[in-house]
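Chemist: Take a look at this one; I'll ask things after.
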Amino acid sequence: MSLPSILEAAHHFAGAHLESGAFAIDATVGNGHDTLFLLRTVAPEGRVMGFDIQMEALAATRKRVRDTDPALLDCLELVHAGHETMADRLTDEMSESVGTVMFNLGYLPGGDPDVITSSETTLEALRGALELLHPRGTITLVAYPGHEGGAEETRSVHAWAAALPHAQYQALSYDFLNPSDASPRLIVVQKRAR
Ligand SMILES: C[S@@+](CC[C@H](N)C(=O)[O-])C[C@H]1O[C@@H](n2cnc3c(N)ncnc32)[C@H](O)[C@@H]1O
């Protein structure tokens with residue numbers, strides 16, 4: 001048996017408290033693997049909202065979902081915008097109603113490697129995601145230190161998570177002890193139950 005990869009571990013933590021019928025957000029839909037995972041977990045009563053700044057990513061995600069199970073499209077809303085707009089887009093009544101927000105940083109595999117997430121907008125999105133999470137809701141974030149700007153972004157998100165108030169959140173870093181410089185890193189944040 002192999003140890004769970006960082007991406008498998010992200011799915012484990014994202015799905016651990018996510019029930020059928022829940023509301024989930026994919027903050028970086030990319031090629032749609034995480035979106036599909038979330039849809040399979042929350043459908044048919046639940047809903048997934050997915051963000052990406054590239055139309056190419058939204059089209060790839062829609063295609064992946066349609067090719068897998070067209071009925072899942074009924075539970076999906078794709079938004080062509082940066083995840084930093086997430087909190088503003090969701091009305092006050094959506095506050096504390098989201099089960100999971102998944103982030104998978106970096107660039108679109110197979111796409112333009114120059115279109116990447118940035119520390120500033122990622123941190124803004126993470127702050128917004130905290131407001132949206134319900135108690136026991138989780139944020140999973142996979143960061144890639146190997147590309148230009150990636151190491152700085154990885155350090156920024158680690159520092160952000162490490163500084164979260166202990167009484168309100170648990171923050172976990174799931175890492176291999178001997179990663180390569182480019183290996184992805186996983187951060188999980190859970191809002192504590194009140
Ligand atoms: C590593 S890919 C995501 C992979 C995806 N989760 C999957 O399962 O295939 C990163 C994505 O983040 C997107 N992105 C970059 N900046 C963004 C932003 N500010 N808001 C939302 N998405 C962004 C990129 O366009 C790219 O598609």
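Labeling convention for the structure tokens: chains A, B, ... as they appear, residues from 1 per chain, ligands from 1 in order of appearance.
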To check your reading of the model: which residues sit at most 7 Å from ligand 1 when counting only C-alpha atoms and all ligand atoms? Write the answer as number ranges by chain.
Modeler: A: 27-35, 51-54, 57, 81-84, 103-109, 115-118, 121-122
Chemist: Got a sec: who's within 7 Å of Gln168 in chain A, counting only C-alpha atoms, leaving out chain neighbours fewer than 2 positions off, as a VMD selection string?
Modeler: chain A and resid 165 to 166 191 to 192
Chemist: Could you turn the residues from that selection into a file that holds N, CA, C and O atoms, as a short mmCIF file (atom, residue, chain, number, x, y, z; two decimals), in the first residue's frame?
Modeler:
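Everything below was put into result31.cif:
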data_model
loop_
_atom_site.label_atom_id
_atom_site.label_comp_id
_atom_site.auth_asym_id
_atom_site.auth_seq_id
_atom_site.Cartn_x
_atom_site.Cartn_y
_atom_site.Cartn_z
N PRO A 165 -6.57 31.92 15.29
CA PRO A 165 -6.78 31.76 16.73
C PRO A 165 -7.16 30.32 17.10
O PRO A 165 -8.08 29.75 16.52
N HIS A 166 -6.41 29.78 18.05
CA HIS A 166 -6.57 28.38 18.47
C HIS A 166 -7.99 28.08 18.95
O HIS A 166 -8.51 26.99 18.73
N LYS A 191 -13.02 24.87 11.21
CA LYS A 191 -13.65 25.78 12.18
C LYS A 191 -14.18 24.94 13.33
O LYS A 191 -14.85 23.93 13.09
N ARG A 192 -13.85 25.31 14.54
CA ARG A 192 -14.30 24.51 15.69
C ARG A 192 -15.80 24.64 15.89
O ARG A 192 -16.38 25.68 15.57
#
Chemist: Name the residues in contact with His17 in chain A at a cut-off of 12 Å, using only C-alpha atoms, excluding same-chain residues fewer than 2 positions from it; report them as a PDB file with all heavy atoms, in the first residue's frame.
Modeler:
ATOM      1  N   HIS A  11      -8.562  15.223  -0.518  1.00  0.00           N
ATOM      2  CA  HIS A  11      -9.930  14.715  -0.693  1.00  0.00           C
ATOM      3  C   HIS A  11     -10.433  14.076   0.596  1.00  0.00           C
ATOM      4  O   HIS A  11     -11.595  14.247   0.971  1.00  0.00           O
ATOM      5  CB  HIS A  11      -9.976  13.709  -1.846  1.00  0.00           C
ATOM      6  CG  HIS A  11      -9.960  14.368  -3.184  1.00  0.00           C
ATOM      7  ND1 HIS A  11     -10.234  13.706  -4.356  1.00  0.00           N
ATOM      8  CD2 HIS A  11      -9.703  15.650  -3.548  1.00  0.00           C
ATOM      9  CE1 HIS A  11     -10.147  14.545  -5.377  1.00  0.00           C
ATOM     10  NE2 HIS A  11      -9.820  15.722  -4.911  1.00  0.00           N
ATOM     11  N   HIS A  12      -9.541  13.365   1.287  1.00  0.00           N
ATOM     12  CA  HIS A  12      -9.951  12.742   2.553  1.00  0.00           C
ATOM     13  C   HIS A  12     -10.453  13.814   3.528  1.00  0.00           C
ATOM     14  O   HIS A  12     -11.539  13.702   4.103  1.00  0.00           O
ATOM     15  CB  HIS A  12      -8.781  11.980   3.169  1.00  0.00           C
ATOM     16  CG  HIS A  12      -9.043  11.586   4.579  1.00  0.00           C
ATOM     17  ND1 HIS A  12      -9.850  10.524   4.918  1.00  0.00           N
ATOM     18  CD2 HIS A  12      -8.653  12.158   5.748  1.00  0.00           C
ATOM     19  CE1 HIS A  12      -9.945  10.452   6.234  1.00  0.00           C
ATOM     20  NE2 HIS A  12      -9.218  11.427   6.762  1.00  0.00           N
ATOM     21  N   PHE A  13      -9.644  14.865   3.715  1.00  0.00           N
ATOM     22  CA  PHE A  13     -10.025  15.891   4.701  1.00  0.00           C
ATOM     23  C   PHE A  13     -11.228  16.706   4.225  1.00  0.00           C
ATOM     24  O   PHE A  13     -12.085  17.083   5.016  1.00  0.00           O
ATOM     25  CB  PHE A  13      -8.835  16.815   4.993  1.00  0.00           C
ATOM     26  CG  PHE A  13      -7.766  16.161   5.827  1.00  0.00           C
ATOM     27  CD1 PHE A  13      -6.522  15.865   5.290  1.00  0.00           C
ATOM     28  CD2 PHE A  13      -8.014  15.819   7.150  1.00  0.00           C
ATOM     29  CE1 PHE A  13      -5.542  15.250   6.053  1.00  0.00           C
ATOM     30  CE2 PHE A  13      -7.044  15.206   7.931  1.00  0.00           C
ATOM     31  CZ  PHE A  13      -5.797  14.921   7.378  1.00  0.00           C
ATOM     32  N   ALA A  14     -11.293  16.977   2.924  1.00  0.00           N
ATOM     33  CA  ALA A  14     -12.426  17.765   2.405  1.00  0.00           C
ATOM     34  C   ALA A  14     -13.731  16.993   2.557  1.00  0.00           C
ATOM     35  O   ALA A  14     -14.789  17.579   2.816  1.00  0.00           O
ATOM     36  CB  ALA A  14     -12.187  18.117   0.940  1.00  0.00           C
ATOM     37  N   GLY A  15     -13.662  15.664   2.408  1.00  0.00           N
ATOM     38  CA  GLY A  15     -14.885  14.866   2.448  1.00  0.00           C
ATOM     39  C   GLY A  15     -15.273  14.398   3.836  1.00  0.00           C
ATOM     40  O   GLY A  15     -16.402  13.944   4.042  1.00  0.00           O
ATOM     41  N   GLU A  19     -21.422  16.252   3.945  1.00  0.00           N
ATOM     42  CA  GLU A  19     -22.507  15.283   3.791  1.00  0.00           C
ATOM     43  C   GLU A  19     -23.254  15.509   2.496  1.00  0.00           C
ATOM     44  O   GLU A  19     -23.222  16.610   1.924  1.00  0.00           O
ATOM     45  CB  GLU A  19     -23.473  15.416   4.965  1.00  0.00           C
ATOM     46  CG  GLU A  19     -22.841  14.905   6.250  1.00  0.00           C
ATOM     47  CD  GLU A  19     -23.625  15.280   7.478  1.00  0.00           C
ATOM     48  OE1 GLU A  19     -24.688  15.927   7.338  1.00  0.00           O
ATOM     49  OE2 GLU A  19     -23.160  14.936   8.571  1.00  0.00           O
ATOM     50  N   SER A  20     -23.961  14.486   2.062  1.00  0.00           N
ATOM     51  CA  SER A  20     -24.871  14.635   0.936  1.00  0.00           C
ATOM     52  C   SER A  20     -25.833  15.775   1.254  1.00  0.00           C
ATOM     53  O   SER A  20     -26.328  15.881   2.375  1.00  0.00           O
ATOM     54  CB  SER A  20     -25.622  13.313   0.754  1.00  0.00           C
ATOM     55  OG  SER A  20     -26.583  13.459  -0.229  1.00  0.00           O
ATOM     56  N   GLY A  21     -26.058  16.658   0.282  1.00  0.00           N
ATOM     57  CA  GLY A  21     -26.956  17.788   0.499  1.00  0.00           C
ATOM     58  C   GLY A  21     -26.243  19.060   0.934  1.00  0.00           C
ATOM     59  O   GLY A  21     -26.858  20.118   1.021  1.00  0.00           O
ATOM     60  N   ALA A  22     -24.932  18.964   1.192  1.00  0.00           N
ATOM     61  CA  ALA A  22     -24.188  20.139   1.681  1.00  0.00           C
ATOM     62  C   ALA A  22     -23.841  21.099   0.535  1.00  0.00           C
ATOM     63  O   ALA A  22     -24.000  20.778  -0.649  1.00  0.00           O
ATOM     64  CB  ALA A  22     -22.912  19.677   2.377  1.00  0.00           C
ATOM     65  N   PHE A  23     -23.369  22.272   0.930  1.00  0.00           N
ATOM     66  CA  PHE A  23     -22.891  23.277  -0.017  1.00  0.00           C
ATOM     67  C   PHE A  23     -21.367  23.319   0.066  1.00  0.00           C
ATOM     68  O   PHE A  23     -20.807  23.451   1.162  1.00  0.00           O
ATOM     69  CB  PHE A  23     -23.497  24.637   0.334  1.00  0.00           C
ATOM     70  CG  PHE A  23     -23.068  25.764  -0.572  1.00  0.00           C
ATOM     71  CD1 PHE A  23     -22.843  25.565  -1.926  1.00  0.00           C
ATOM     72  CD2 PHE A  23     -22.909  27.043  -0.061  1.00  0.00           C
ATOM     73  CE1 PHE A  23     -22.456  26.608  -2.753  1.00  0.00           C
ATOM     74  CE2 PHE A  23     -22.524  28.101  -0.878  1.00  0.00           C
ATOM     75  CZ  PHE A  23     -22.302  27.877  -2.223  1.00  0.00           C
ATOM     76  N   ALA A  24     -20.692  23.184  -1.084  1.00  0.00           N
ATOM     77  CA  ALA A  24     -19.229  23.160  -1.109  1.00  0.00           C
ATOM     78  C   ALA A  24     -18.728  24.111  -2.186  1.00  0.00           C
ATOM     79  O   ALA A  24     -19.444  24.407  -3.152  1.00  0.00           O
ATOM     80  CB  ALA A  24     -18.733  21.743  -1.397  1.00  0.00           C
ATOM     81  N   LEU A  38     -16.267  16.824  -5.230  1.00  0.00           N
ATOM     82  CA  LEU A  38     -17.241  17.502  -4.359  1.00  0.00           C
ATOM     83  C   LEU A  38     -18.668  17.191  -4.805  1.00  0.00           C
ATOM     84  O   LEU A  38     -19.546  16.927  -3.977  1.00  0.00           O
ATOM     85  CB  LEU A  38     -16.987  19.018  -4.369  1.00  0.00           C
ATOM     86  CG  LEU A  38     -15.673  19.466  -3.715  1.00  0.00           C
ATOM     87  CD1 LEU A  38     -15.432  20.955  -3.970  1.00  0.00           C
ATOM     88  CD2 LEU A  38     -15.677  19.178  -2.215  1.00  0.00           C
ATOM     89  N   THR A  41     -19.913  13.903  -3.772  1.00  0.00           N
ATOM     90  CA  THR A  41     -20.164  13.808  -2.335  1.00  0.00           C
ATOM     91  C   THR A  41     -21.488  14.466  -1.960  1.00  0.00           C
ATOM     92  O   THR A  41     -22.217  13.942  -1.120  1.00  0.00           O
ATOM     93  CB  THR A  41     -19.002  14.480  -1.555  1.00  0.00           C
ATOM     94  OG1 THR A  41     -17.770  13.914  -2.002  1.00  0.00           O
ATOM     95  CG2 THR A  41     -19.142  14.273  -0.056  1.00  0.00           C
ATOM     96  N   VAL A  42     -21.819  15.606  -2.567  1.00  0.00           N
ATOM     97  CA  VAL A  42     -22.993  16.363  -2.092  1.00  0.00           C
ATOM     98  C   VAL A  42     -24.259  16.137  -2.915  1.00  0.00           C
ATOM     99  O   VAL A  42     -25.351  16.440  -2.451  1.00  0.00           O
ATOM    100  CB  VAL A  42     -22.700  17.884  -2.020  1.00  0.00           C
ATOM    101  CG1 VAL A  42     -21.483  18.152  -1.143  1.00  0.00           C
ATOM    102  CG2 VAL A  42     -22.531  18.494  -3.407  1.00  0.00           C
ATOM    103  N   VAL A  98     -21.237  26.815   4.541  1.00  0.00           N
ATOM    104  CA  VAL A  98     -20.434  26.049   3.583  1.00  0.00           C
ATOM    105  C   VAL A  98     -19.682  24.931   4.323  1.00  0.00           C
ATOM    106  O   VAL A  98     -19.039  25.178   5.347  1.00  0.00           O
ATOM    107  CB  VAL A  98     -19.440  26.981   2.854  1.00  0.00           C
ATOM    108  CG1 VAL A  98     -18.555  26.189   1.905  1.00  0.00           C
ATOM    109  CG2 VAL A  98     -20.196  28.059   2.095  1.00  0.00           C
ATOM    110  N   GLY A  99     -19.766  23.719   3.761  1.00  0.00           N
ATOM    111  CA  GLY A  99     -19.124  22.576   4.411  1.00  0.00           C
ATOM    112  C   GLY A  99     -17.635  22.507   4.130  1.00  0.00           C
ATOM    113  O   GLY A  99     -16.842  22.170   5.016  1.00  0.00           O
ATOM    114  N   THR A 100     -17.248  22.800   2.903  1.00  0.00           N
ATOM    115  CA  THR A 100     -15.839  22.681   2.497  1.00  0.00           C
ATOM    116  C   THR A 100     -15.505  23.703   1.422  1.00  0.00           C
ATOM    117  O   THR A 100     -16.314  23.934   0.515  1.00  0.00           O
ATOM    118  CB  THR A 100     -15.552  21.278   1.917  1.00  0.00           C
ATOM    119  OG1 THR A 100     -15.527  20.344   2.981  1.00  0.00           O
ATOM    120  CG2 THR A 100     -14.220  21.206   1.220  1.00  0.00           C
ATOM    121  N   VAL A 101     -14.336  24.305   1.536  1.00  0.00           N
ATOM    122  CA  VAL A 101     -13.780  25.105   0.450  1.00  0.00           C
ATOM    123  C   VAL A 101     -12.432  24.490   0.089  1.00  0.00           C
ATOM    124  O   VAL A 101     -11.547  24.394   0.942  1.00  0.00           O
ATOM    125  CB  VAL A 101     -13.592  26.583   0.844  1.00  0.00           C
ATOM    126  CG1 VAL A 101     -13.137  27.389  -0.371  1.00  0.00           C
ATOM    127  CG2 VAL A 101     -14.878  27.170   1.424  1.00  0.00           C
ATOM    128  N   LEU A 133     -17.551  29.288   6.183  1.00  0.00           N
ATOM    129  CA  LEU A 133     -17.569  27.922   6.738  1.00  0.00           C
ATOM    130  C   LEU A 133     -18.556  27.785   7.878  1.00  0.00           C
ATOM    131  O   LEU A 133     -18.636  28.662   8.740  1.00  0.00           O
ATOM    132  CB  LEU A 133     -16.198  27.578   7.325  1.00  0.00           C
ATOM    133  CG  LEU A 133     -15.073  27.165   6.416  1.00  0.00           C
ATOM    134  CD1 LEU A 133     -13.904  26.696   7.285  1.00  0.00           C
ATOM    135  CD2 LEU A 133     -15.488  26.090   5.437  1.00  0.00           C
ATOM    136  N   HIS A 134     -19.271  26.662   7.912  1.00  0.00           N
ATOM    137  CA  HIS A 134     -20.075  26.407   9.107  1.00  0.00           C
ATOM    138  C   HIS A 134     -19.197  25.698  10.145  1.00  0.00           C
ATOM    139  O   HIS A 134     -18.102  25.210   9.819  1.00  0.00           O
ATOM    140  CB  HIS A 134     -21.362  25.652   8.775  1.00  0.00           C
ATOM    141  CG  HIS A 134     -21.197  24.274   8.214  1.00  0.00           C
ATOM    142  ND1 HIS A 134     -20.429  23.289   8.802  1.00  0.00           N
ATOM    143  CD2 HIS A 134     -21.738  23.703   7.109  1.00  0.00           C
ATOM    144  CE1 HIS A 134     -20.507  22.184   8.094  1.00  0.00           C
ATOM    145  NE2 HIS A 134     -21.275  22.403   7.053  1.00  0.00           N
ATOM    146  N   PRO A 135     -19.643  25.656  11.420  1.00  0.00           N
ATOM    147  CA  PRO A 135     -18.831  24.973  12.433  1.00  0.00           C
ATOM    148  C   PRO A 135     -18.536  23.533  11.987  1.00  0.00           C
ATOM    149  O   PRO A 135     -19.414  22.833  11.490  1.00  0.00           O
ATOM    150  CB  PRO A 135     -19.733  25.003  13.676  1.00  0.00           C
ATOM    151  CG  PRO A 135     -20.593  26.217  13.472  1.00  0.00           C
ATOM    152  CD  PRO A 135     -20.847  26.285  11.998  1.00  0.00           C
ATOM    153  N   ARG A 136     -17.298  23.129  12.140  1.00  0.00           N
ATOM    154  CA  ARG A 136     -16.726  21.847  11.673  1.00  0.00           C
ATOM    155  C   ARG A 136     -16.482  21.830  10.162  1.00  0.00           C
ATOM    156  O   ARG A 136     -16.052  20.809   9.620  1.00  0.00           O
ATOM    157  CB  ARG A 136     -17.581  20.639  12.054  1.00  0.00           C
ATOM    158  CG  ARG A 136     -17.658  20.369  13.532  1.00  0.00           C
ATOM    159  CD  ARG A 136     -18.145  18.938  13.779  1.00  0.00           C
ATOM    160  NE  ARG A 136     -18.579  18.757  15.147  1.00  0.00           N
ATOM    161  CZ  ARG A 136     -17.755  18.615  16.185  1.00  0.00           C
ATOM    162  NH1 ARG A 136     -16.454  18.633  15.997  1.00  0.00           N
ATOM    163  NH2 ARG A 136     -18.232  18.453  17.393  1.00  0.00           N
ATOM    164  N   GLY A 137     -16.791  22.925   9.470  1.00  0.00           N
ATOM    165  CA  GLY A 137     -16.459  23.030   8.050  1.00  0.00           C
ATOM    166  C   GLY A 137     -14.951  23.127   7.872  1.00  0.00           C
ATOM    167  O   GLY A 137     -14.231  23.576   8.767  1.00  0.00           O
ATOM    168  N   THR A 138     -14.479  22.699   6.690  1.00  0.00           N
ATOM    169  CA  THR A 138     -13.028  22.653   6.468  1.00  0.00           C
ATOM    170  C   THR A 138     -12.609  23.413   5.205  1.00  0.00           C
ATOM    171  O   THR A 138     -13.356  23.470   4.221  1.00  0.00           O
ATOM    172  CB  THR A 138     -12.522  21.200   6.289  1.00  0.00           C
ATOM    173  OG1 THR A 138     -13.312  20.574   5.289  1.00  0.00           O
ATOM    174  CG2 THR A 138     -12.577  20.415   7.568  1.00  0.00           C
ATOM    175  N   ILE A 139     -11.411  23.942   5.278  1.00  0.00           N
ATOM    176  CA  ILE A 139     -10.720  24.449   4.083  1.00  0.00           C
ATOM    177  C   ILE A 139      -9.559  23.496   3.826  1.00  0.00           C
ATOM    178  O   ILE A 139      -8.811  23.177   4.750  1.00  0.00           O
ATOM    179  CB  ILE A 139     -10.151  25.862   4.324  1.00  0.00           C
ATOM    180  CG1 ILE A 139     -11.265  26.870   4.568  1.00  0.00           C
ATOM    181  CG2 ILE A 139      -9.279  26.294   3.148  1.00  0.00           C
ATOM    182  CD1 ILE A 139     -10.751  28.238   5.006  1.00  0.00           C
ATOM    183  N   GLN A 190      -9.941  23.668  10.053  1.00  0.00           N
ATOM    184  CA  GLN A 190     -11.320  23.344  10.438  1.00  0.00           C
ATOM    185  C   GLN A 190     -11.811  24.363  11.460  1.00  0.00           C
ATOM    186  O   GLN A 190     -11.115  24.672  12.437  1.00  0.00           O
ATOM    187  CB  GLN A 190     -11.420  21.933  11.032  1.00  0.00           C
ATOM    188  CG  GLN A 190     -12.873  21.553  11.329  1.00  0.00           C
ATOM    189  CD  GLN A 190     -13.022  20.134  11.832  1.00  0.00           C
ATOM    190  OE1 GLN A 190     -12.230  19.671  12.646  1.00  0.00           O
ATOM    191  NE2 GLN A 190     -14.037  19.449  11.363  1.00  0.00           N
ATOM    192  N   LYS A 191     -13.025  24.873  11.212  1.00  0.00           N
ATOM    193  CA  LYS A 191     -13.645  25.782  12.181  1.00  0.00           C
ATOM    194  C   LYS A 191     -14.178  24.937  13.335  1.00  0.00           C
ATOM    195  O   LYS A 191     -14.855  23.927  13.095  1.00  0.00           O
ATOM    196  CB  LYS A 191     -14.791  26.561  11.515  1.00  0.00           C
ATOM    197  CG  LYS A 191     -15.336  27.685  12.353  1.00  0.00           C
ATOM    198  CD  LYS A 191     -16.468  28.424  11.648  1.00  0.00           C
ATOM    199  CE  LYS A 191     -15.981  29.621  10.865  1.00  0.00           C
ATOM    200  NZ  LYS A 191     -17.083  30.465  10.353  1.00  0.00           N
TER     201      LYS A 191
END
Chemist: Apply DSSP to the structure's backbone, then extract all residues of range 27-165 of chain A labelled strand (DSSP E) and return them as a list of chain:residue names.
Modeler: A:Arg47, A:Val48, A:Met49, A:Gly50, A:Phe51, A:Asp52, A:Leu76, A:Glu77, A:Leu78, A:Val79, A:His80, A:Val98, A:Gly99, A:Thr100, A:Val101, A:Met102, A:Phe103, A:Asn104, A:Leu133, A:His134, A:Pro135, A:Arg136, A:Gly137, A:Thr138, A:Ile139, A:Thr140, A:Leu141, A:Val142, A:Ala143
Chemist: Quick one: residues within 10 Å of Glu77 in chain A, only C-alpha atoms, excluding same-chain residues fewer than 5 positions away - as a VMD selection string?
Modeler: chain A and resid 25 47 to 51 62
Chemist: Rounded to one decimal place, report the CA of Leu90 in chain A-CA of Ala9 in chain A distance in Å.
Modeler: 27.7 Å
Chemist: I'd like the neighbourhood of His147 in chain A as an mmCIF file with N, CA and C atoms, in the first residue's frame, where a residue qualifies if any of its atoms comes within 9 Å (using only C-alpha atoms), though same-chain residues fewer than 3 positions away should be ignored.
Modeler:
data_model
loop_
_atom_site.group_PDB
_atom_site.id
_atom_site.type_symbol
_atom_site.label_atom_id
_atom_site.label_comp_id
_atom_site.auth_asym_id
_atom_site.auth_seq_id
_atom_site.Cartn_x
_atom_site.Cartn_y
_atom_site.Cartn_z
ATOM 1 N N GLY A 106 -1.553 27.393 -7.863
ATOM 2 C CA GLY A 106 -0.631 27.223 -8.985
ATOM 3 C C GLY A 106 -1.294 27.476 -10.326
ATOM 4 N N PRO A 113 1.329 28.305 -18.139
ATOM 5 C CA PRO A 113 1.970 28.252 -16.822
ATOM 6 C C PRO A 113 2.203 29.628 -16.205
ATOM 7 N N TYR A 144 1.990 24.682 -4.158
ATOM 8 C CA TYR A 144 3.106 24.124 -4.934
ATOM 9 C C TYR A 144 4.302 25.078 -4.847
ATOM 10 N N GLY A 150 5.870 30.290 -6.272
ATOM 11 C CA GLY A 150 5.170 29.255 -5.505
ATOM 12 C C GLY A 150 5.701 29.092 -4.084
ATOM 13 N N ALA A 151 7.010 29.230 -3.918
ATOM 14 C CA ALA A 151 7.588 29.059 -2.579
ATOM 15 C C ALA A 151 7.105 30.186 -1.670
ATOM 16 N N ALA A 182 9.808 20.586 -5.182
ATOM 17 C CA ALA A 182 8.589 20.911 -5.925
ATOM 18 C C ALA A 182 7.355 20.176 -5.390
#
Chemist: Distance CA of Ala59 in chain A-CA of Gly110 in chain A, one decimal place?
Modeler: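 Going from CA of Ala59 in chain A over to CA of Gly110 in chain A covers 13.5 Å.
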Chemist: Using only C-alpha atoms, can you tell me which of A:Cys75, A:His80, A:Ser180, A:Val189 comes closest to Leu130 in chain A?
Modeler: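 Using only C-alpha atoms, Leu130 in chain A sits closest to A:Val189.
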Chemist: Mind the document's chain letters and residue numbers, and return as an MDAnalysis selection string the residues of range 45-194 of chain A that DSSP labels alpha helix (DSSP H).
Modeler: chainID A and resid 55:68 86:89 119:132 150:162
Chemist: Would you list the contacts of Pro184 in chain A as a PDB file with N, CA, C and O atoms, in the first residue's frame, taking every protein, DNA or RNA residue within 10 Å and counting only C-alpha atoms, but skipping same-chain residues closer than 6 positions in sequence?
Modeler:
ATOM      1  N   SER A   5      -1.303  10.190  -1.296  1.00  0.00           N
ATOM      2  CA  SER A   5      -0.655  11.367  -1.864  1.00  0.00           C
ATOM      3  C   SER A   5      -1.271  12.619  -1.239  1.00  0.00           C
ATOM      4  O   SER A   5      -2.320  12.549  -0.580  1.00  0.00           O
ATOM      5  N   ILE A   6      -0.644  13.741  -1.488  1.00  0.00           N
ATOM      6  CA  ILE A   6      -1.166  15.017  -0.964  1.00  0.00           C
ATOM      7  C   ILE A   6      -2.570  15.261  -1.516  1.00  0.00           C
ATOM      8  O   ILE A   6      -3.477  15.699  -0.793  1.00  0.00           O
ATOM      9  N   LEU A   7      -2.791  14.956  -2.801  1.00  0.00           N
ATOM     10  CA  LEU A   7      -4.123  15.205  -3.387  1.00  0.00           C
ATOM     11  C   LEU A   7      -5.159  14.239  -2.818  1.00  0.00           C
ATOM     12  O   LEU A   7      -6.298  14.621  -2.545  1.00  0.00           O
ATOM     13  N   ASN A 104      -6.625  24.581  -4.785  1.00  0.00           N
ATOM     14  CA  ASN A 104      -5.502  23.856  -5.366  1.00  0.00           C
ATOM     15  C   ASN A 104      -4.748  24.909  -6.186  1.00  0.00           C
ATOM     16  O   ASN A 104      -5.175  25.286  -7.273  1.00  0.00           O
ATOM     17  N   LEU A 105      -3.666  25.427  -5.594  1.00  0.00           N
ATOM     18  CA  LEU A 105      -3.025  26.637  -6.121  1.00  0.00           C
ATOM     19  C   LEU A 105      -2.174  26.338  -7.361  1.00  0.00           C
ATOM     20  O   LEU A 105      -2.082  25.205  -7.826  1.00  0.00           O
ATOM     21  N   LEU A 141      -6.168  23.193   1.312  1.00  0.00           N
ATOM     22  CA  LEU A 141      -5.377  24.009   0.390  1.00  0.00           C
ATOM     23  C   LEU A 141      -4.110  23.256   0.008  1.00  0.00           C
ATOM     24  O   LEU A 141      -3.335  22.864   0.888  1.00  0.00           O
ATOM     25  N   VAL A 142      -3.944  23.018  -1.291  1.00  0.00           N
ATOM     26  CA  VAL A 142      -2.719  22.395  -1.793  1.00  0.00           C
ATOM     27  C   VAL A 142      -1.887  23.488  -2.453  1.00  0.00           C
ATOM     28  O   VAL A 142      -2.376  24.204  -3.341  1.00  0.00           O
ATOM     29  N   ALA A 143      -0.653  23.636  -1.971  1.00  0.00           N
ATOM     30  CA  ALA A 143       0.250  24.679  -2.491  1.00  0.00           C
ATOM     31  C   ALA A 143       1.471  24.015  -3.132  1.00  0.00           C
ATOM     32  O   ALA A 143       1.903  22.943  -2.699  1.00  0.00           O
ATOM     33  N   TYR A 144       1.990  24.682  -4.158  1.00  0.00           N
ATOM     34  CA  TYR A 144       3.106  24.124  -4.934  1.00  0.00           C
ATOM     35  C   TYR A 144       4.302  25.078  -4.847  1.00  0.00           C
ATOM     36  O   TYR A 144       4.290  26.140  -5.483  1.00  0.00           O
ATOM     37  N   PRO A 145       5.347  24.696  -4.096  1.00  0.00           N
ATOM     38  CA  PRO A 145       6.501  25.598  -3.954  1.00  0.00           C
ATOM     39  C   PRO A 145       7.448  25.584  -5.144  1.00  0.00           C
ATOM     40  O   PRO A 145       8.354  26.415  -5.207  1.00  0.00           O
ATOM     41  N   GLY A 146       7.228  24.693  -6.135  1.00  0.00           N
ATOM     42  CA  GLY A 146       8.234  24.482  -7.177  1.00  0.00           C
ATOM     43  C   GLY A 146       8.267  25.502  -8.296  1.00  0.00           C
ATOM     44  O   GLY A 146       9.287  25.693  -8.937  1.00  0.00           O
ATOM     45  N   GLY A 150       5.870  30.290  -6.272  1.00  0.00           N
ATOM     46  CA  GLY A 150       5.170  29.255  -5.505  1.00  0.00           C
ATOM     47  C   GLY A 150       5.701  29.092  -4.084  1.00  0.00           C
ATOM     48  O   GLY A 150       4.926  28.836  -3.157  1.00  0.00           O
ATOM     49  N   THR A 154       3.482  29.545  -0.808  1.00  0.00           N
ATOM     50  CA  THR A 154       3.384  28.446   0.161  1.00  0.00           C
ATOM     51  C   THR A 154       3.721  28.947   1.561  1.00  0.00           C
ATOM     52  O   THR A 154       3.021  28.637   2.539  1.00  0.00           O
ATOM     53  N   ASP A 175       2.372  17.009   5.584  1.00  0.00           N
ATOM     54  CA  ASP A 175       3.524  17.033   4.678  1.00  0.00           C
ATOM     55  C   ASP A 175       4.350  15.769   4.817  1.00  0.00           C
ATOM     56  O   ASP A 175       4.405  15.190   5.897  1.00  0.00           O
ATOM     57  N   PHE A 176       5.018  15.417   3.752  1.00  0.00           N
ATOM     58  CA  PHE A 176       6.043  14.398   3.859  1.00  0.00           C
ATOM     59  C   PHE A 176       7.284  15.046   4.482  1.00  0.00           C
ATOM     60  O   PHE A 176       7.543  16.243   4.277  1.00  0.00           O
TER      61      PHE A 176
END
Chemist: What does the structure give for the distance between CA of Ala43 in chain A and CA of Ala87 in chain A, in Å to one decimal?
Modeler: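 CA of Ala87 in chain A lies at a distance of 22.8 Å from CA of Ala43 in chain A.
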Chemist: Extract, using only C-alpha atoms, all DNA, RNA and protein residues at most 6 Å from Ile187 in chain A, discarding same-chain residues fewer than 6 positions from it, and format them as a list in words.
Modeler: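 So, after excluding close chain neighbours, the residues are Thr140, Leu141, Leu172 and Ser173 of chain A.
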Chemist: For those residues, write N, CA, C and O atoms to a file as a short mmCIF file (atom, residue, chain, number, x, y, z; two decimals), in the first residue's frame.
Modeler:
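Result file is result33.cif:
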data_model
loop_
_atom_site.label_atom_id
_atom_site.label_comp_id
_atom_site.auth_asym_id
_atom_site.auth_seq_id
_atom_site.Cartn_x
_atom_site.Cartn_y
_atom_site.Cartn_z
N THR A 140 -9.43 23.02 2.59
CA THR A 140 -8.20 22.31 2.23
C THR A 140 -7.47 23.15 1.19
O THR A 140 -8.10 23.77 0.33
N LEU A 141 -6.17 23.19 1.31
CA LEU A 141 -5.38 24.01 0.39
C LEU A 141 -4.11 23.26 0.01
O LEU A 141 -3.33 22.86 0.89
N LEU A 172 -3.87 22.39 10.30
CA LEU A 172 -3.03 21.21 10.17
C LEU A 172 -2.16 21.35 8.92
O LEU A 172 -2.63 21.79 7.87
N SER A 173 -0.90 20.98 9.07
CA SER A 173 -0.03 20.89 7.89
C SER A 173 0.25 19.41 7.66
O SER A 173 0.76 18.73 8.55
#
